[in-house]
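These notes concern the structure reproduced below.
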Amino acid sequence: MRAYTPKDDVQKKPYYTDRYWVAPQVAKSDVSEDAVFAADLEVIKAKFDVLDAYIQVGQMVVVINAADNFGVLELMKNELEYNQLSELSAIDWLAQEGKFEIFYQMLSMSKRKRVRIKCKIDEKESIQSVEKLFRSADWSEREMYDMFGVVINNHPYMKRILMPDDWEGFPLRKTYPLQGDEFAQWYEVDRIFGKEAREIIGPENRDPARIDRYDTERFARLGHEVPRGADISQGEPETPLCYQENEGVFLIQKFDAEKSVVISDRDR
Amino acid sequence: MQQANRLRPFFENITFDRDDNELILNFGPQHPSAHGQLRLMLHLQQEQVTKAHPDIGYLHRGMEKMAENMIYNEFMPTTDRMDYIASSANNYGFALAVERLIGLEVPRRAKVIRMMLLETNRLMSHLFWLATTALDIGAMTVFLFAFREREYLMDLIEDYCGARLTHAAIRIGGVPLDLPDNFIGDLRKFLDKLPENIKDYEDLLDSNRIWKMRMENVGVISKEMALSWGCSGIMLRASGVEWDIRKEEPYELYDEVEFNVPVSDKGDNYARYKLYMAEMRESAKILYQVLDMYEGTGPELMAHAPQYISAPKIDIMTQNYSLMQHFVLVTQGMRPPVGEVYVATESPKGELGYYINSQGGAYPYRLKLRAPSFWHTGILTDLLPGHYIPDVVSIIGTTNIVFGEVDR
């Protein structure tokens, strides 16, 4: 019997993992080790619940409640001088705990510090837009919606951004299939002409790069020209090379070692 | 789940029916001065733009999804395809992010070579920007001049790694190759001539009446707007914010070299143009210093970390354990520790950030590419209204957006 693979995570899996292997951790240090971060955290803690806070790879990570996202970012911008929202996106933890993790990557140019604000929301839950604070969130939130299906409240233009507007599904979810549908080549034929017509019409070409080597209608066949529409599936005439010297093609000349120059060094 | 045969009509141009003087112009996605696949929906009153909707996604390849299904080293050539004008900068950002996650220190010679690659890439990118923007405005000569110089740099990169556009010349933990013999001499020759070349461009453009009319006081981005829209790089510095990640959060050897960060407070197209020219001179300055550093470095090119990085080729060929390690790293891939990292580098376009969330597996659990051009395209929404159609072209030019990076 074929082994069961869970459908909530269809991402590629490594083919082998040592059964005794324990993944090491990137060190997390206490916020008190950095005076600037510690002061910032105190200000946030005074007004909002902080679920967790630590420093990892030189940046402070603050975990907050999702409902506080606008308030915390407003505080960070107006009082703590974090003047840029560099990045904002989600991480899919639906398979593990049914939640999305959303992170806001902030930058303070005056303090030269970066902070990551994180919060978690349920799959069907929506989150407040921070577009009023940072215009850059306009596009990032649209991208987050496009890729994960996280709905944003109070967004001025909640619309897909990278994918076509009529696209179904959210590509960066772990449940999104990695491969296309093998029956897709028949969809239009079945729909328009019916299944019976499959043999007459044949599958739809869904490969835009496909080249038919016997197609003399649409391909130029440079250097091996034949009359347009000629059937060459049973073999084609040889095309001899005609040099200009032999009254052939203009500018196609025989190589003359005497007349050629080798450029060894360009004048940079 | 996607269902391809559900053909739903989608009437996006329904606003055409409105009875007023508004014209909606679709600028792109195949417009030659849209710098790739940008589709701009412009609402026009006569020639003046009243609303602009940049529409992107025509080059979307799902790189973040690809990254989640690849081992770390496998993803490196994919990063080339983001900002394909300066692909080493993308390679480097990714390599640095993974190195920070693992905690690797790169040998000094690798650092020197990386600096050379990064700065030659910056020069290539700025020359390309100058060429294409000048061409959009109509300055054909500058285009030819700048492409000639860029060609020499591409030859140099080709001498180093064999590729001209998609280099993949930086690896996690170092660089794969040492410099070829001619590299330093050729680069020095190029740099000696560069100030002359830049002067040529400036002679053609600086006091050119058409150039000034198209550039001065056009596309003015205020400081607040630039910060709010997440602008970075020259887009930010032209608006009066002195912020260069190479200076403020130095990586590699940027704290050892001396260079200035040109800033302007005008915020218009012309300011950005001047900054590009100034940055090219600064890059040349950095390159001179880095060329001198090369001599005193040891021969190592890759970091020594057997758990993550393959041994040098000579060890792989002679020692059994190195061969086994190499085999495991190639077939299964390295497994960085559990944790997350966001690393920003100053790419020629701006702040190029890689956010990596690793769950200790061979594939990243989540990888977010923070490409500067994404927001530099978004800002067009607020920047274009009020401008005229010819200004749209020059503004798109100076934002220096590359669609491999916007759509990823």
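The chains in the structure tokens are called A, B, ... from first to last as shown; in each chain the residues are counted from 1, and the ligands are counted from 1 in the order shown.
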
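Residue-level contact on chain B: within 6 Å of chain A, counting only C-alpha atoms, the set is Met1, Gln2, Asn5, Ile56, Gly57, Lys65, Asn69, Phe190, Leu227, Ser228, Trp229, Gly230, Pro337, Val338, Gly339 and Gly360 of chain B.
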
Can I get the selected residues back with C-alpha atoms, as a PDB file, in the first residue's frame?
ATOM      1  CA  MET B   1      -7.346  25.107  -5.401  1.00  0.00           C
ATOM      2  CA  GLN B   2      -7.066  26.436  -8.880  1.00  0.00           C
ATOM      3  CA  ASN B   5     -11.525  25.686 -16.849  1.00  0.00           C
ATOM      4  CA  ILE B  56       2.621  44.147 -11.625  1.00  0.00           C
ATOM      5  CA  GLY B  57       2.997  40.403 -11.657  1.00  0.00           C
ATOM      6  CA  LYS B  65       7.744  29.179  -3.187  1.00  0.00           C
ATOM      7  CA  ASN B  69      11.294  23.528  -2.054  1.00  0.00           C
ATOM      8  CA  PHE B 190      39.054  50.179 -16.620  1.00  0.00           C
ATOM      9  CA  LEU B 227      10.373  56.984   4.229  1.00  0.00           C
ATOM     10  CA  SER B 228       6.726  56.059   4.340  1.00  0.00           C
ATOM     11  CA  TRP B 229       6.894  54.165   1.063  1.00  0.00           C
ATOM     12  CA  GLY B 230       9.903  52.140   2.220  1.00  0.00           C
ATOM     13  CA  PRO B 337      19.982  25.802  12.847  1.00  0.00           C
ATOM     14  CA  VAL B 338      16.405  26.604  13.852  1.00  0.00           C
ATOM     15  CA  GLY B 339      15.866  30.325  13.871  1.00  0.00           C
ATOM     16  CA  GLY B 360      16.374  23.098  10.964  1.00  0.00           C
TER      17      GLY B 360
END

Polymer residues at most 9 Å from Pro299 (chain B), only C-alpha atoms, same-chain spacing of 3 or more positions, as a tab-separated table (two decimals) with N, CA and C atoms, in the first residue's frame:
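Dumped to part_14.tsv:
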chain	number	residue	atom	x	y	z
B	107	PRO	N	36.55	33.67	4.79
B	107	PRO	CA	37.97	34.04	4.70
B	107	PRO	C	38.16	35.40	4.03
B	108	ARG	N	39.28	36.01	4.36
B	108	ARG	CA	39.47	37.39	3.93
B	108	ARG	C	39.57	37.53	2.41
B	109	ARG	N	40.21	36.57	1.77
B	109	ARG	CA	40.32	36.69	0.30
B	109	ARG	C	38.94	36.64	-0.34
B	178	ASP	N	39.20	31.69	-7.38
B	178	ASP	CA	40.12	32.81	-7.19
B	178	ASP	C	40.09	33.69	-8.44

Exercise. Mind checking DSSP for region 220-279 of chain B and telling me the alpha helix (DSSP H) residues as an MDAnalysis selection string?
Worked result: chainID B and resid 223:228 234:237 245:248 269:279

For this session: Mind giving me the straight-line distance from CA of Asp407 (chain B) to CA of Arg366 (chain B) in Å, one decimal?
Result: 17.3 Å

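Distances here use only C-alpha atoms; by that measure, the residue among B:Leu135, B:Leu367, B:Ala226, B:Leu101 closest to Trp211 (chain B) is B:Leu135.
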
For this session: Write out as a ChimeraX atom specification each polymer residue whose atoms come within 10 Å of Ile137 (chain B), counting only C-alpha atoms; drop sequence neighbours fewer than 6 positions from it.
Result: /B:33,210-211,214-215,390-391,393-394,397

Preceding selection exported with N, CA and C atoms as a PDB file, in the first residue's frame:
ATOM      1  N   SER B  33       9.452  51.814 -22.681  1.00  0.00           N
ATOM      2  CA  SER B  33      10.068  52.565 -21.595  1.00  0.00           C
ATOM      3  C   SER B  33       9.476  52.182 -20.255  1.00  0.00           C
ATOM      4  N   ILE B 210      17.352  69.781 -22.969  1.00  0.00           N
ATOM      5  CA  ILE B 210      16.248  68.811 -22.957  1.00  0.00           C
ATOM      6  C   ILE B 210      16.310  67.966 -21.697  1.00  0.00           C
ATOM      7  N   TRP B 211      17.513  67.496 -21.403  1.00  0.00           N
ATOM      8  CA  TRP B 211      17.706  66.647 -20.218  1.00  0.00           C
ATOM      9  C   TRP B 211      17.247  67.372 -18.954  1.00  0.00           C
ATOM     10  N   ARG B 214      13.476  67.733 -18.710  1.00  0.00           N
ATOM     11  CA  ARG B 214      12.784  66.477 -18.381  1.00  0.00           C
ATOM     12  C   ARG B 214      13.078  66.014 -16.966  1.00  0.00           C
ATOM     13  N   MET B 215      14.180  66.513 -16.396  1.00  0.00           N
ATOM     14  CA  MET B 215      14.613  65.972 -15.110  1.00  0.00           C
ATOM     15  C   MET B 215      14.397  66.920 -13.942  1.00  0.00           C
ATOM     16  N   PRO B 390       4.763  62.626 -20.614  1.00  0.00           N
ATOM     17  CA  PRO B 390       6.215  62.497 -20.819  1.00  0.00           C
ATOM     18  C   PRO B 390       6.983  62.372 -19.506  1.00  0.00           C
ATOM     19  N   ASP B 391       6.467  62.996 -18.443  1.00  0.00           N
ATOM     20  CA  ASP B 391       7.143  62.874 -17.150  1.00  0.00           C
ATOM     21  C   ASP B 391       7.072  61.450 -16.614  1.00  0.00           C
ATOM     22  N   VAL B 393       7.445  58.785 -18.171  1.00  0.00           N
ATOM     23  CA  VAL B 393       8.565  58.027 -18.707  1.00  0.00           C
ATOM     24  C   VAL B 393       9.850  58.335 -17.933  1.00  0.00           C
ATOM     25  N   SER B 394      10.110  59.603 -17.699  1.00  0.00           N
ATOM     26  CA  SER B 394      11.376  59.924 -17.029  1.00  0.00           C
ATOM     27  C   SER B 394      11.329  59.516 -15.562  1.00  0.00           C
ATOM     28  N   GLY B 397      12.008  55.953 -15.369  1.00  0.00           N
ATOM     29  CA  GLY B 397      13.439  55.790 -15.610  1.00  0.00           C
ATOM     30  C   GLY B 397      14.250  55.976 -14.350  1.00  0.00           C
TER      31      GLY B 397
END

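Residues with any atom within 12 Å of region 233-240 of chain A, counting only C-alpha atoms and excluding same-chain neighbours fewer than 4 positions away, are A:Asp212, A:Arg213, A:Tyr214, A:Asp215, A:Thr216, A:Arg221, A:Leu222, A:Gly223, A:His224, A:Glu225, A:Val226, A:Pro227, A:Gly229, A:Asn246, A:Gly248, A:Val249.
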